[in-house]
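run.tsv follows (TSV, C-alpha atoms):
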```tsv
chain	number	residue	atom	x	y	z
A	261	MET	CA	-13.80	3.53	-15.85
A	262	ALA	CA	-15.04	0.78	-18.10
A	263	TYR	CA	-13.72	-2.71	-17.53
A	264	SER	CA	-12.97	-4.89	-20.54
A	265	ASP	CA	-15.22	-7.90	-21.19
A	266	LYS	CA	-12.46	-10.24	-20.12
A	267	VAL	CA	-12.00	-8.48	-16.82
A	268	LEU	CA	-15.73	-8.58	-16.20
A	269	ASP	CA	-15.84	-12.26	-17.08
A	270	HIS	CA	-13.11	-13.13	-14.57
A	271	TYR	CA	-14.61	-10.80	-12.00
A	272	ASN	CA	-18.09	-12.29	-12.29
A	273	HIS	CA	-16.88	-15.87	-12.70
A	274	PRO	CA	-13.52	-16.02	-10.95
A	275	ARG	CA	-11.68	-19.28	-11.66
A	276	ASN	CA	-9.97	-21.31	-8.97
A	277	VAL	CA	-11.05	-19.34	-5.94
A	278	GLY	CA	-10.11	-21.11	-2.76
A	279	SER	CA	-7.24	-22.19	-0.65
A	280	MET	CA	-4.97	-25.18	-0.13
A	281	ASP	CA	-3.14	-26.45	2.93
A	282	LYS	CA	-0.14	-24.17	3.16
A	283	SER	CA	1.75	-26.63	5.35
A	284	ASP	CA	1.69	-29.21	2.52
A	285	SER	CA	5.23	-29.47	1.13
A	286	ALA	CA	3.88	-29.66	-2.44
A	287	VAL	CA	2.04	-26.34	-1.99
A	288	GLY	CA	3.66	-22.97	-2.51
A	289	THR	CA	1.91	-19.90	-1.10
A	290	GLY	CA	2.38	-16.33	-2.23
A	291	MET	CA	0.91	-13.49	-0.24
A	292	VAL	CA	1.32	-10.00	-1.67
A	293	GLY	CA	-0.37	-6.68	-1.21
A	294	ALA	CA	-0.61	-3.09	-2.29
A	295	PRO	CA	-0.99	-0.82	0.73
A	296	GLU	CA	-2.21	2.19	-1.23
A	297	CYS	CA	-5.48	0.53	-2.23
A	298	GLY	CA	-5.63	-2.07	0.52
A	299	ASP	CA	-5.42	-4.92	-1.98
A	300	VAL	CA	-4.23	-8.25	-0.69
A	301	MET	CA	-3.76	-11.32	-2.86
A	302	LYS	CA	-3.08	-14.91	-1.87
A	303	LEU	CA	-2.05	-17.28	-4.64
A	304	GLN	CA	-1.19	-20.93	-4.17
A	305	ILE	CA	0.22	-23.60	-6.44
A	306	LYS	CA	0.32	-27.35	-5.95
A	307	VAL	CA	3.19	-29.04	-7.74
A	308	ASN	CA	3.30	-32.69	-8.72
A	309	PRO	CA	6.57	-33.89	-7.15
A	310	LEU	CA	7.21	-36.43	-9.91
A	311	THR	CA	6.66	-34.23	-12.95
A	312	GLY	CA	7.38	-30.77	-11.55
A	313	ILE	CA	4.15	-29.64	-13.19
A	314	ILE	CA	1.69	-27.35	-11.43
A	315	ASP	CA	-1.39	-29.54	-10.97
A	316	ASP	CA	-3.56	-27.03	-9.21
A	317	ALA	CA	-3.65	-23.31	-8.48
A	318	LYS	CA	-5.95	-21.36	-6.17
A	319	PHE	CA	-6.33	-17.73	-5.26
A	320	LYS	CA	-8.24	-15.40	-3.05
A	321	THR	CA	-7.97	-11.67	-3.66
A	322	PHE	CA	-9.45	-8.76	-1.78
A	323	GLY	CA	-9.29	-5.79	-4.08
A	324	CYS	CA	-10.67	-4.20	-7.21
A	325	GLY	CA	-12.05	-6.02	-10.25
A	326	SER	CA	-8.75	-5.82	-12.10
A	327	ALA	CA	-6.84	-7.35	-9.19
A	328	ILE	CA	-9.33	-10.21	-8.99
A	329	ALA	CA	-9.26	-10.74	-12.75
A	330	SER	CA	-5.45	-10.64	-12.86
A	331	SER	CA	-5.09	-13.31	-10.19
A	332	SER	CA	-7.91	-15.42	-11.62
A	333	LEU	CA	-6.23	-15.40	-15.03
A	334	ALA	CA	-2.86	-16.17	-13.43
A	335	THR	CA	-4.21	-19.36	-11.82
A	336	GLU	CA	-5.62	-20.45	-15.18
A	337	TRP	CA	-2.27	-19.96	-16.85
A	338	LEU	CA	-0.32	-21.66	-14.06
A	339	LYS	CA	-2.11	-24.98	-14.29
A	340	GLY	CA	-0.23	-27.46	-16.49
A	341	LYS	CA	2.97	-25.43	-16.55
A	342	THR	CA	6.25	-26.45	-14.98
A	343	VAL	CA	7.55	-24.24	-12.22
A	344	ASP	CA	10.20	-22.81	-14.53
A	345	GLU	CA	7.66	-22.10	-17.28
A	346	ALA	CA	5.48	-20.38	-14.69
A	347	LEU	CA	8.32	-18.02	-13.87
A	348	THR	CA	8.23	-16.69	-17.42
A	349	ILE	CA	4.70	-15.28	-17.00
A	350	LYS	CA	5.05	-11.50	-17.15
A	351	ASN	CA	2.69	-8.87	-15.90
A	352	THR	CA	2.59	-7.45	-19.43
A	353	ASP	CA	1.07	-10.75	-20.64
A	354	ILE	CA	-1.76	-10.21	-18.16
A	355	VAL	CA	-2.13	-6.56	-19.18
A	356	ASN	CA	-2.47	-7.57	-22.83
A	357	GLU	CA	-4.84	-10.47	-22.22
A	358	LEU	CA	-7.18	-8.43	-20.01
A	359	ALA	CA	-6.70	-5.12	-21.87
A	360	LEU	CA	-5.95	-3.38	-18.57
A	361	PRO	CA	-5.75	0.42	-18.72
A	362	PRO	CA	-2.55	2.13	-17.46
A	363	VAL	CA	-4.03	2.95	-14.05
A	364	LYS	CA	-4.62	-0.76	-13.45
A	365	ILE	CA	-1.23	-2.08	-14.50
A	366	HIS	CA	-0.22	-2.36	-10.85
A	367	CYS	CA	-2.86	-5.10	-10.47
A	368	SER	CA	-1.01	-7.22	-13.02
A	369	VAL	CA	2.29	-6.49	-11.26
A	370	LEU	CA	0.70	-7.73	-8.05
A	371	ALA	CA	-0.35	-10.97	-9.79
A	372	GLU	CA	3.16	-11.51	-11.17
A	373	ASP	CA	4.62	-10.85	-7.71
A	374	ALA	CA	2.17	-13.39	-6.26
A	375	ILE	CA	3.24	-16.07	-8.78
A	376	LYS	CA	6.90	-15.44	-7.98
A	377	ALA	CA	6.24	-15.48	-4.23
A	378	ALA	CA	4.32	-18.78	-4.48
A	379	ILE	CA	7.08	-20.42	-6.51
A	380	SER	CA	9.76	-19.12	-4.20
A	381	ASP	CA	7.85	-20.49	-1.19
A	382	TYR	CA	7.53	-23.86	-2.94
A	383	LYS	CA	11.24	-23.94	-3.77
A	384	ILE	CA	12.24	-23.03	-0.23
A	385	LYS	CA	10.04	-25.86	1.04
A	386	GLN	CA	11.63	-28.32	-1.37
A	387	GLY	CA	15.08	-27.20	-0.31
A	388	ALA	CA	14.06	-27.56	3.33
A	389	ASP	CA	12.73	-31.04	2.58
A	390	VAL	CA	16.01	-32.09	1.01
A	391	ALA	CA	17.88	-30.68	4.00
A	392	ALA	CA	15.57	-32.49	6.42
A	393	LEU	CA	16.06	-35.72	4.46
A	394	ALA	CA	19.84	-35.33	4.55
A	395	GLN	CA	19.66	-34.72	8.26
A	396	ALA	CA	17.63	-37.89	8.82
A	397	HIS	CA	20.19	-40.07	7.06
B	267	MET	CA	7.94	40.89	-8.80
B	268	LYS	CA	8.67	39.19	-5.48
B	269	SER	CA	8.86	35.45	-5.97
B	270	LEU	CA	6.78	33.10	-3.87
B	271	PRO	CA	8.39	30.76	-1.33
B	272	ALA	CA	9.65	27.63	-3.05
B	273	ASP	CA	8.08	25.18	-0.60
B	274	TYR	CA	5.79	25.00	2.44
B	275	PHE	CA	8.68	25.15	4.87
B	276	SER	CA	9.95	28.41	3.37
B	277	VAL	CA	6.44	29.83	3.72
B	278	PHE	CA	6.94	29.62	7.47
B	279	GLY	CA	10.61	30.52	7.22
B	280	ILE	CA	11.78	27.18	8.63
B	281	SER	CA	14.10	24.51	7.27
B	282	PRO	CA	12.64	21.15	6.17
B	283	GLN	CA	11.92	19.14	9.32
B	284	LEU	CA	9.49	16.52	10.52
B	285	ALA	CA	8.68	17.37	14.11
B	286	LEU	CA	6.87	20.69	14.38
B	287	ASP	CA	5.63	22.64	17.36
B	288	LEU	CA	2.02	22.91	16.20
B	289	PRO	CA	0.74	25.54	18.66
B	290	GLU	CA	3.69	27.75	17.74
B	291	LEU	CA	3.17	27.08	14.04
B	292	GLN	CA	-0.49	27.98	14.39
B	293	ARG	CA	0.46	31.32	15.92
B	294	GLN	CA	2.80	31.90	12.98
B	295	PHE	CA	-0.01	30.94	10.64
B	296	TYR	CA	-2.27	33.62	12.09
B	297	VAL	CA	0.48	36.24	12.00
B	298	LEU	CA	1.32	35.50	8.36
B	299	SER	CA	-2.35	35.31	7.39
B	300	LYS	CA	-2.91	38.75	8.80
B	301	GLN	CA	0.27	40.13	7.23
B	302	HIS	CA	-0.58	38.89	3.75
B	303	HIS	CA	-4.35	39.16	3.87
B	304	PRO	CA	-5.55	40.22	0.40
B	305	ASP	CA	-7.91	42.81	1.96
B	306	ARG	CA	-4.89	44.76	3.15
B	307	PHE	CA	-3.75	45.15	-0.47
B	308	ALA	CA	-7.03	46.37	-1.93
B	309	ARG	CA	-5.41	49.63	-3.01
B	310	ALA	CA	-1.99	48.22	-3.79
B	311	SER	CA	-0.66	47.51	-7.26
B	312	THR	CA	-2.09	44.58	-9.21
B	313	GLU	CA	1.20	42.84	-8.71
B	314	GLN	CA	1.07	43.18	-4.94
B	315	GLN	CA	-2.55	42.08	-4.87
B	316	ARG	CA	-1.63	39.06	-6.87
B	317	TYR	CA	1.24	38.23	-4.56
B	318	ALA	CA	-0.95	38.54	-1.44
B	319	LEU	CA	-3.49	36.21	-2.96
B	320	ASP	CA	-0.93	33.62	-4.07
B	321	PHE	CA	0.93	33.76	-0.78
B	322	THR	CA	-2.26	33.33	1.21
B	323	SER	CA	-3.33	30.31	-0.77
B	324	LEU	CA	0.14	28.79	-0.40
B	325	LEU	CA	0.03	29.50	3.32
B	326	ASN	CA	-3.34	27.78	3.69
B	327	ASP	CA	-2.07	24.72	1.81
B	328	ALA	CA	1.07	24.62	3.93
B	329	TRP	CA	-0.85	24.83	7.19
B	330	ARG	CA	-3.31	22.13	6.12
B	331	VAL	CA	-0.44	19.77	5.28
B	332	PHE	CA	1.70	20.58	8.32
B	333	ARG	CA	-0.95	20.12	10.95
B	334	ASP	CA	-1.44	16.49	9.88
B	335	PRO	CA	1.73	14.54	10.76
B	336	VAL	CA	1.16	11.93	8.05
B	337	ALA	CA	0.55	14.49	5.30
B	338	ARG	CA	3.56	16.44	6.56
B	339	ALA	CA	5.81	13.38	6.43
B	340	GLU	CA	4.60	12.53	2.93
B	341	TYR	CA	5.28	16.09	1.85
B	342	LEU	CA	8.83	16.07	3.17
B	343	LEU	CA	9.50	12.69	1.53
B	344	LYS	CA	8.31	14.10	-1.77
B	345	LEU	CA	10.49	17.16	-1.32
B	346	LYS	CA	13.48	14.88	-0.72
B	347	GLY	CA	12.87	12.99	-3.95
B	348	TYR	CA	10.88	10.08	-2.57
B	349	ASP	CA	8.19	10.75	-5.11
B	350	THR	CA	5.89	7.80	-4.67
B	351	PRO	CA	2.42	9.14	-4.06
B	352	ASP	CA	0.91	5.82	-5.11
B	353	GLY	CA	3.28	3.82	-2.97
B	354	ARG	CA	5.27	2.37	-5.81
B	355	SER	CA	8.94	2.61	-6.46
B	356	ASN	CA	10.06	3.70	-9.89
B	357	ASP	CA	10.30	0.18	-11.30
B	358	GLY	CA	6.60	-0.31	-10.68
B	359	ARG	CA	7.05	-2.93	-7.96
B	360	ALA	CA	4.76	-2.69	-5.01
B	361	SER	CA	6.58	-1.50	-1.96
B	362	SER	CA	7.20	-4.31	0.44
B	363	VAL	CA	4.90	-4.87	3.36
B	364	PRO	CA	5.93	-7.51	5.90
B	365	THR	CA	4.33	-10.90	5.20
B	366	GLU	CA	3.01	-11.20	8.75
B	367	LEU	CA	1.10	-7.97	8.30
B	368	LEU	CA	-0.25	-9.19	4.94
B	369	GLU	CA	-1.47	-12.37	6.61
B	370	GLU	CA	-3.25	-10.39	9.31
B	371	VAL	CA	-4.77	-8.17	6.65
B	372	PHE	CA	-5.91	-11.23	4.72
B	373	GLU	CA	-7.49	-12.81	7.81
B	374	LEU	CA	-9.32	-9.61	8.66
B	375	ASN	CA	-10.62	-9.35	5.11
B	376	MET	CA	-11.91	-12.91	5.35
B	377	ALA	CA	-13.66	-12.05	8.60
B	378	LEU	CA	-15.09	-8.87	7.07
B	379	GLU	CA	-16.48	-10.86	4.16
B	380	GLU	CA	-18.13	-13.34	6.51
B	381	ALA	CA	-19.43	-10.54	8.72
B	382	ARG	CA	-21.06	-8.93	5.70
B	383	ASP	CA	-22.75	-12.23	4.98
B	384	GLY	CA	-24.32	-11.96	8.42
B	385	ASP	CA	-22.07	-14.33	10.37
B	386	SER	CA	-22.26	-13.09	13.97
B	387	ASN	CA	-19.15	-15.02	14.93
B	388	ALA	CA	-17.24	-13.18	12.25
B	389	LYS	CA	-18.54	-9.88	13.58
B	390	HIS	CA	-16.96	-10.67	16.89
B	391	GLN	CA	-13.73	-11.49	15.09
B	392	VAL	CA	-13.85	-8.17	13.25
B	393	ALA	CA	-14.38	-6.30	16.51
B	394	GLU	CA	-11.33	-8.03	17.99
B	395	ALA	CA	-9.27	-7.32	14.88
B	396	LEU	CA	-10.36	-3.68	14.98
B	397	LYS	CA	-8.98	-3.37	18.49
B	398	HIS	CA	-5.76	-5.02	17.40
B	399	PHE	CA	-5.27	-2.81	14.36
B	400	THR	CA	-6.17	0.37	16.23
B	401	ALA	CA	-3.49	-0.47	18.79
B	402	LEU	CA	-1.06	-1.28	15.99
B	403	ARG	CA	-1.72	2.12	14.42
B	404	GLU	CA	-1.05	3.84	17.74
B	405	SER	CA	2.26	2.05	18.11
B	406	LEU	CA	3.19	2.99	14.54
B	407	ASP	CA	2.45	6.62	15.38
B	408	ARG	CA	4.77	6.46	18.36
B	409	GLU	CA	7.43	4.90	16.14
B	410	ARG	CA	6.81	7.67	13.62
B	411	ASP	CA	7.43	10.37	16.20
B	412	GLN	CA	10.73	8.71	17.08
B	413	ILE	CA	11.77	8.72	13.43
B	414	PHE	CA	10.74	12.39	13.20
B	415	ALA	CA	13.07	13.27	16.06
B	416	ALA	CA	15.90	11.07	14.79
B	417	TYR	CA	15.77	12.58	11.31
B	418	ASP	CA	15.53	16.16	12.53
B	419	SER	CA	18.61	15.83	14.71
B	420	SER	CA	20.77	13.86	12.23
B	421	LYS	CA	19.25	14.62	8.78
B	422	GLN	CA	20.32	11.14	7.72
B	423	GLU	CA	18.55	9.69	4.71
B	424	PHE	CA	18.07	6.20	6.11
B	425	HIS	CA	15.54	7.60	8.56
B	426	LEU	CA	13.47	8.66	5.56
B	427	ASP	CA	13.58	5.12	4.16
B	428	ALA	CA	12.28	3.86	7.48
B	429	LEU	CA	9.63	6.55	7.50
B	430	ARG	CA	8.46	5.70	4.01
B	431	SER	CA	8.04	2.04	4.84
B	432	LEU	CA	6.22	2.93	8.05
B	433	LEU	CA	3.79	5.16	6.18
B	434	HIS	CA	2.98	2.33	3.77
B	435	ARG	CA	2.14	-0.01	6.61
B	436	ARG	CA	0.11	2.69	8.27
B	437	ARG	CA	-1.92	3.36	5.15
B	438	TYR	CA	-2.81	-0.32	4.96
B	439	ILE	CA	-3.94	-0.31	8.56
B	440	ASP	CA	-5.85	2.92	8.06
B	441	ASN	CA	-7.91	1.37	5.25
B	442	LEU	CA	-8.58	-1.73	7.33
B	443	VAL	CA	-9.69	0.20	10.37
B	444	ARG	CA	-12.09	2.14	8.18
B	445	ASP	CA	-13.49	-1.04	6.59
B	446	ALA	CA	-13.84	-2.74	9.95
B	447	GLN	CA	-15.64	0.25	11.44
B	448	GLN	CA	-18.02	0.28	8.48
B	449	ALA	CA	-18.72	-3.44	8.86
B	450	LEU	CA	-19.55	-2.99	12.53
B	451	SER	CA	-21.69	0.13	12.21
```

Let me see the file written as structure tokens.
Amino acid sequence: MAYSDKVLDHYNHPRNVGSMDKSDSAVGTGMVGAPECGDVMKLQIKVNPLTGIIDDAKFKTFGCGSAIASSSLATEWLKGKTVDEALTIKNTDIVNELALPPVKIHCSVLAEDAIKAAISDYKIKQGADVAALAQAH
Amino acid sequence: MKSLPADYFSVFGISPQLALDLPELQRQFYVLSKQHHPDRFARASTEQQRYALDFTSLLNDAWRVFRDPVARAEYLLKLKGYDTPDGRSNDGRASSVPTELLEEVFELNMALEEARDGDSNAKHQVAEALKHFTALRESLDRERDQIFAAYDSSKQEFHLDALRSLLHRRRYIDNLVRDAQQALS
């Protein structure tokens, strides 16, 4: 199957590969996977506590080219968005941008799931922080 | 014309079930193979010849699927409407795998990557992980056999949900064990 130029570009030059300290309260970590192909994707966001804007995003994906490209693109899109804006990113946006064929749509679903998981982790941490603060007072 | 059995279980004349007595089933397989062997119908009508051929091929498929417990479980799930050969539910969401397992999978993949780059430390880590995942697979198989028995005696659907989720985890581990073995060979 032929990959689109955009997929190849992200695959050959993945953006924002890496990892951040997952115990940092400003960092949200999403870990998702697709058992059938053995794909596993870790996506992290770092949110500026003052502005609520995602300052940094990192990913590491073990999987096919489309899974890597989908998560690479997702980190690019996440940077500079607020958490709520980030939640509006849909897998279909990724499909369209990367021209993914039908058999690879699940890779974009995985990326959307990873975004949601990272944001949910961040929100839980913030909630926990508030609770811890309340407890301290 | 005689119609073919509707599913693999009917081929053997049994009701849909998960735990099978394989030695007994194998005996049945030989009996049925002999009974329906196309050579025995060389002078029969075209219709009978056709039936013998179709039945035999169905029988071979059924036996191949039944003797592998994982393939058998997947087949029964499909028969019961759990039609997710690619592991996805109908809304396209990936089926859920516990986060702890995902983290272990991620760590092993990191180690595999480093091992491929020639890091001998990582190779050791992969060997350890291989042991861990092989043991995990064995415990999943024991759990699977328990679900088999529980479903067969109660025929309750929730056992199939549990089975489906177990098979997803197992497939993950299967792939990892294979990758780890390759990295170490």

Notebook entry, point to check: Quick one: of B:Asp440, B:Asp411, B:Glu373, B:Glu380, who's nearest to Pro295 (chain A), counting only C-alpha atoms?
Noted result: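 The shortest atom-to-atom distance to Pro295 (chain A) comes from B:Asp440.
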
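If you count all atoms listed in the file and ignore residues fewer than 6 places along the chain from Ser332 (chain A), what sits within 9 Å of it is His270, Tyr271, Pro274, Arg275, Asn276, Val277, Lys318, Phe319, Lys320, Thr321 and Ala371 of chain A.
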
Sorted by chain and rising residue number, list the residues of chain A at most 9 Å from chain B (counting all atoms listed in the file), each with its closest atom pair and distance in Å to one decimal, as a tab-separated table.
```
residue	atom	partner	partner_atom	distance
A:Met291	CA	B:Leu368	CA	6.8
A:Val292	CA	B:Leu368	CA	6.8
A:Gly293	CA	B:Leu368	CA	6.6
A:Ala294	CA	B:Ala360	CA	6.0
A:Pro295	CA	B:Tyr438	CA	4.6
A:Glu296	CA	B:Gly353	CA	6.0
A:Cys297	CA	B:Tyr438	CA	7.7
A:Gly298	CA	B:Tyr438	CA	5.5
A:Asp299	CA	B:Tyr438	CA	8.7
A:Val300	CA	B:Phe372	CA	6.4
A:Met301	CA	B:Phe372	CA	7.9
A:Lys302	CA	B:Phe372	CA	8.1
A:Thr321	CA	B:Phe372	CA	8.6
A:Phe322	CA	B:Asn375	CA	7.0
A:Ile365	CA	B:Gly358	CA	8.9
A:His366	CA	B:Gly358	CA	7.1
A:Val369	CA	B:Arg359	CA	6.8
A:Leu370	CA	B:Ala360	CA	7.2
A:Asp373	CA	B:Arg359	CA	8.3
```

How about saving the chosen residues, C-alpha atoms kept, as a short mmCIF file (atom, residue, chain, number, x, y, z; two decimals), in the frame of the given file?
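And here's out.cif as it stands now:
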```cif
data_model
loop_
_atom_site.label_atom_id
_atom_site.label_comp_id
_atom_site.auth_asym_id
_atom_site.auth_seq_id
_atom_site.Cartn_x
_atom_site.Cartn_y
_atom_site.Cartn_z
CA MET A 291 0.91 -13.49 -0.24
CA VAL A 292 1.32 -10.00 -1.67
CA GLY A 293 -0.37 -6.68 -1.21
CA ALA A 294 -0.61 -3.09 -2.29
CA PRO A 295 -0.99 -0.82 0.73
CA GLU A 296 -2.21 2.19 -1.23
CA CYS A 297 -5.48 0.53 -2.23
CA GLY A 298 -5.63 -2.07 0.52
CA ASP A 299 -5.42 -4.92 -1.98
CA VAL A 300 -4.23 -8.25 -0.69
CA MET A 301 -3.76 -11.32 -2.86
CA LYS A 302 -3.08 -14.91 -1.87
CA THR A 321 -7.97 -11.67 -3.66
CA PHE A 322 -9.45 -8.76 -1.78
CA ILE A 365 -1.23 -2.08 -14.50
CA HIS A 366 -0.22 -2.36 -10.85
CA VAL A 369 2.29 -6.49 -11.26
CA LEU A 370 0.70 -7.73 -8.05
CA ASP A 373 4.62 -10.85 -7.71
#
```

Checklist line | Atomic distance CA of Lys339 (chain A) - CA of Tyr263 (chain A), expressed in Å with one decimal | finding: 25.3 Å

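For the pair CA of Leu406 (chain B) and CA of Leu432 (chain B), the interatomic distance is 7.2 Å.
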
Notebook entry, point to check: Which residue out of B:Ala339, B:Leu288, B:Ala395, B:Ala388 has the minimum interatomic distance to Asp427 (chain B) when only C-alpha atoms are used?
Noted result: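 The closest residue to Asp427 (chain B) is B:Ala339.
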
Next item on the list: Measure the distance from CA of Gln447 (chain B) to CA of Lys389 (chain B) in Å and round it to one decimal.
Entry: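 Atom-to-atom, CA of Gln447 (chain B) to CA of Lys389 (chain B), that is 10.8 Å.
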
Next item on the list: Can you work out which one of A:Asp281, A:Ser368, A:Ser264, A:Ala394 has the shortest atom-to-atom distance to Ile328 (chain A), counting only C-alpha atoms?
Entry: A:Ser368

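Nearest to Arg430 (chain B) of all the residues B:Asp327, B:Pro282, B:Arg408, B:Ile413 is B:Ile413, counting all atoms listed in the file.
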
Margin query: Which residues are near Lys282 (chain A)? Cut-off 10 Å, all atoms listed in the file, ignore same chain within fewer than 3 positions. Put them as a ChimeraX atom specification.
Written below: /A:279,285-290,304-306,381-382

Check: Which one is closest to Leu325 (chain B): B:Arg338, B:Lys421, B:Lys346, B:His302? Count only C-alpha atoms.
Finding: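 Answer, going by the shortest atom-to-atom distance: B:His302.
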
Since the input is missing atoms, can you rebuild N, CA and C atoms for region 409-429 of chain B and write them as an mmCIF file, in the coordinates of the input?
```
data_model
loop_
_atom_site.group_PDB
_atom_site.id
_atom_site.type_symbol
_atom_site.label_atom_id
_atom_site.label_comp_id
_atom_site.auth_asym_id
_atom_site.auth_seq_id
_atom_site.Cartn_x
_atom_site.Cartn_y
_atom_site.Cartn_z
ATOM 1 N N GLU B 409 6.205 5.185 16.888
ATOM 2 C CA GLU B 409 7.430 4.900 16.140
ATOM 3 C C GLU B 409 7.719 6.061 15.180
ATOM 4 N N ARG B 410 6.672 6.549 14.553
ATOM 5 C CA ARG B 410 6.810 7.670 13.620
ATOM 6 C C ARG B 410 7.412 8.896 14.304
ATOM 7 N N ASP B 411 6.914 9.207 15.489
ATOM 8 C CA ASP B 411 7.430 10.370 16.200
ATOM 9 C C ASP B 411 8.911 10.206 16.540
ATOM 10 N N GLN B 412 9.309 8.962 16.811
ATOM 11 C CA GLN B 412 10.730 8.710 17.080
ATOM 12 C C GLN B 412 11.575 8.951 15.839
ATOM 13 N N ILE B 413 11.043 8.497 14.687
ATOM 14 C CA ILE B 413 11.770 8.720 13.430
ATOM 15 C C ILE B 413 11.854 10.220 13.143
ATOM 16 N N PHE B 414 10.763 10.922 13.390
ATOM 17 C CA PHE B 414 10.740 12.390 13.200
ATOM 18 C C PHE B 414 11.925 13.009 13.947
ATOM 19 N N ALA B 415 12.038 12.678 15.220
ATOM 20 C CA ALA B 415 13.070 13.270 16.060
ATOM 21 C C ALA B 415 14.461 12.861 15.580
ATOM 22 N N ALA B 416 14.589 11.575 15.218
ATOM 23 C CA ALA B 416 15.900 11.070 14.790
ATOM 24 C C ALA B 416 16.344 11.751 13.500
ATOM 25 N N TYR B 417 15.405 11.929 12.565
ATOM 26 C CA TYR B 417 15.770 12.580 11.310
ATOM 27 C C TYR B 417 16.119 14.047 11.543
ATOM 28 N N ASP B 418 15.305 14.726 12.307
ATOM 29 C CA ASP B 418 15.530 16.160 12.530
ATOM 30 C C ASP B 418 16.904 16.429 13.151
ATOM 31 N N SER B 419 17.331 15.561 14.050
ATOM 32 C CA SER B 419 18.610 15.830 14.710
ATOM 33 C C SER B 419 19.800 15.378 13.869
ATOM 34 N N SER B 420 19.606 14.371 12.979
ATOM 35 C CA SER B 420 20.770 13.860 12.230
ATOM 36 C C SER B 420 20.705 14.175 10.740
ATOM 37 N N LYS B 421 19.488 14.394 10.223
ATOM 38 C CA LYS B 421 19.250 14.620 8.780
ATOM 39 C C LYS B 421 19.801 13.474 7.923
ATOM 40 N N GLN B 422 19.803 12.275 8.485
ATOM 41 C CA GLN B 422 20.320 11.140 7.720
ATOM 42 C C GLN B 422 19.211 10.477 6.922
ATOM 43 N N GLU B 423 19.549 10.170 5.664
ATOM 44 C CA GLU B 423 18.550 9.690 4.710
ATOM 45 C C GLU B 423 17.887 8.378 5.128
ATOM 46 N N PHE B 424 18.664 7.509 5.809
ATOM 47 C CA PHE B 424 18.070 6.200 6.110
ATOM 48 C C PHE B 424 16.843 6.307 7.016
ATOM 49 N N HIS B 425 16.744 7.406 7.760
ATOM 50 C CA HIS B 425 15.540 7.600 8.560
ATOM 51 C C HIS B 425 14.326 7.815 7.657
ATOM 52 N N LEU B 426 14.571 8.423 6.494
ATOM 53 C CA LEU B 426 13.470 8.660 5.560
ATOM 54 C C LEU B 426 13.002 7.354 4.929
ATOM 55 N N ASP B 427 13.956 6.439 4.669
ATOM 56 C CA ASP B 427 13.580 5.120 4.160
ATOM 57 C C ASP B 427 12.664 4.409 5.154
ATOM 58 N N ALA B 428 13.069 4.491 6.423
ATOM 59 C CA ALA B 428 12.280 3.860 7.480
ATOM 60 C C ALA B 428 10.894 4.507 7.566
ATOM 61 N N LEU B 429 10.885 5.818 7.412
ATOM 62 C CA LEU B 429 9.630 6.550 7.500
ATOM 63 C C LEU B 429 8.686 6.156 6.364
#
```
